[in-house]
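J.: I have a structure I would like to understand better, so I am pasting it below and will then ask my questions one at a time.
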Amino acid sequence: MYTRLATTVCRPTYGRSLHMWGLKYKLTYFDFAYGRGEAIRAAFRLTGTLFDDSRVPLEQWPALKESTPFATLPLLEVEGKTVSQSNAILVYIGKEVGLYPVDNWEAAKVDEVLSFVEELQLSFKPWRREQEPDLKEKYRQELEVAVPRAMDNLERLHKDSGCEVFWVGDKITVADLKMWSVVDGIQKGRVPGGPIEHCHRLMRIYEEVETALANV
């Protein structure tokens, strides 16, 4: 069963809470329920893997930023070692908990989706960071056009793959979780994205992941 342990303050001295709680994994990401760290949290939660969910309030990020490898989050600590970059973490955790394919071709197809969705998530950055209202609105309007187009590309990719539900095989992988995280942000209005309900295959994956997470 998923247990959320550390939720408010991320300590620059990594490892202290892991030893304290006897946990193997510590994930450090911002204190909100969307973005590039949420699929990693979902992978832990879905598989019942206990982890230190260290959430950084935005006002604390400047003090922590330079102590991370690339001045970015998420960051994963495993028994005193750290790895950054969301896709690298997802692949590693996917292999650890059984959400990443063993077959090389299926693994490549999972990586394909991870890379595409990562690019899509990064496209939200200018809109999210912009403070000037007119420019922020301009970015929002651009995303309302670009995001449905990107989703159409994913929909075609899934159709051409011959898969019935998930991206590869007959069970959820980290590719499904990555796609779920961006669709979830759009569906719940956390990021702009325009209408995507016409992407029936992607919405089916989203609903399957939602159901799976609700049942853990």
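FYI, nothing fancy with the structure tokens labels: chains A, B, ... in order, residues from 1 per chain, ligands from 1 as they appear.
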Which residues of segment 112-164 of chain A have any atom within 8 Å of an atom in segment 188-199 of chain A when counting only C-alpha atoms, and what is the closest pair of atoms for each, with the distance in Å to one decimal? Order the rows by chain and rising number and write it as CSV.
T.:
residue,atom,partner,partner_atom,distance
A:Phe124,CA,A:Val191,CA,7.3
A:Arg140,CA,A:Pro192,CA,6.1
A:Leu143,CA,A:Gly193,CA,5.7
A:Glu144,CA,A:Gly194,CA,4.4
A:Val145,CA,A:Gly194,CA,6.8
A:Ala146,CA,A:Gly193,CA,7.8
A:Val147,CA,A:Gly193,CA,5.2
A:Pro148,CA,A:Ile196,CA,5.8
A:Met151,CA,A:Ile196,CA,7.0
A:Asp152,CA,A:Cys199,CA,6.7
A:Glu155,CA,A:Cys199,CA,6.0
J.: Residues near Leu114 of chain A, anyone? I mean within 10 Å using only C-alpha atoms, not counting same-chain ones fewer than 2 positions away, as a PyMOL selection string.
T.: chain A and resi 86-88+90-91+108-112+116-120+174-179
J.: Mind checking which residues fall within 8 Å of Val182 of chain A, counting only C-alpha atoms, ignoring those fewer than 6 positions away in the same chain, and posting them as a PyMOL selection string?
T.: chain A and resi 34-35+117+121
J.: Measuring between only C-alpha atoms, which one of A:Val113, A:Ile186, A:Asp170, A:Lys136 shows the shortest distance to Glu208 of chain A?
T.: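 Under the stated criterion, the closest residue is A:Asp170.
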J.: Which value, in Å to one decimal, gives the distance between atom CA of Asp53 of chain A and atom CA of Lys26 of chain A?
T.: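 Answer for the atom CA of Asp53 of chain A to atom CA of Lys26 of chain A separation: 6.3 Å.
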J.: Pick out each residue of segment 16-141 of chain A that DSSP on the backbone tags as strand (DSSP E); I need them as number ranges by chain.
T.: A: 25-30, 52-56, 75-78, 81-84
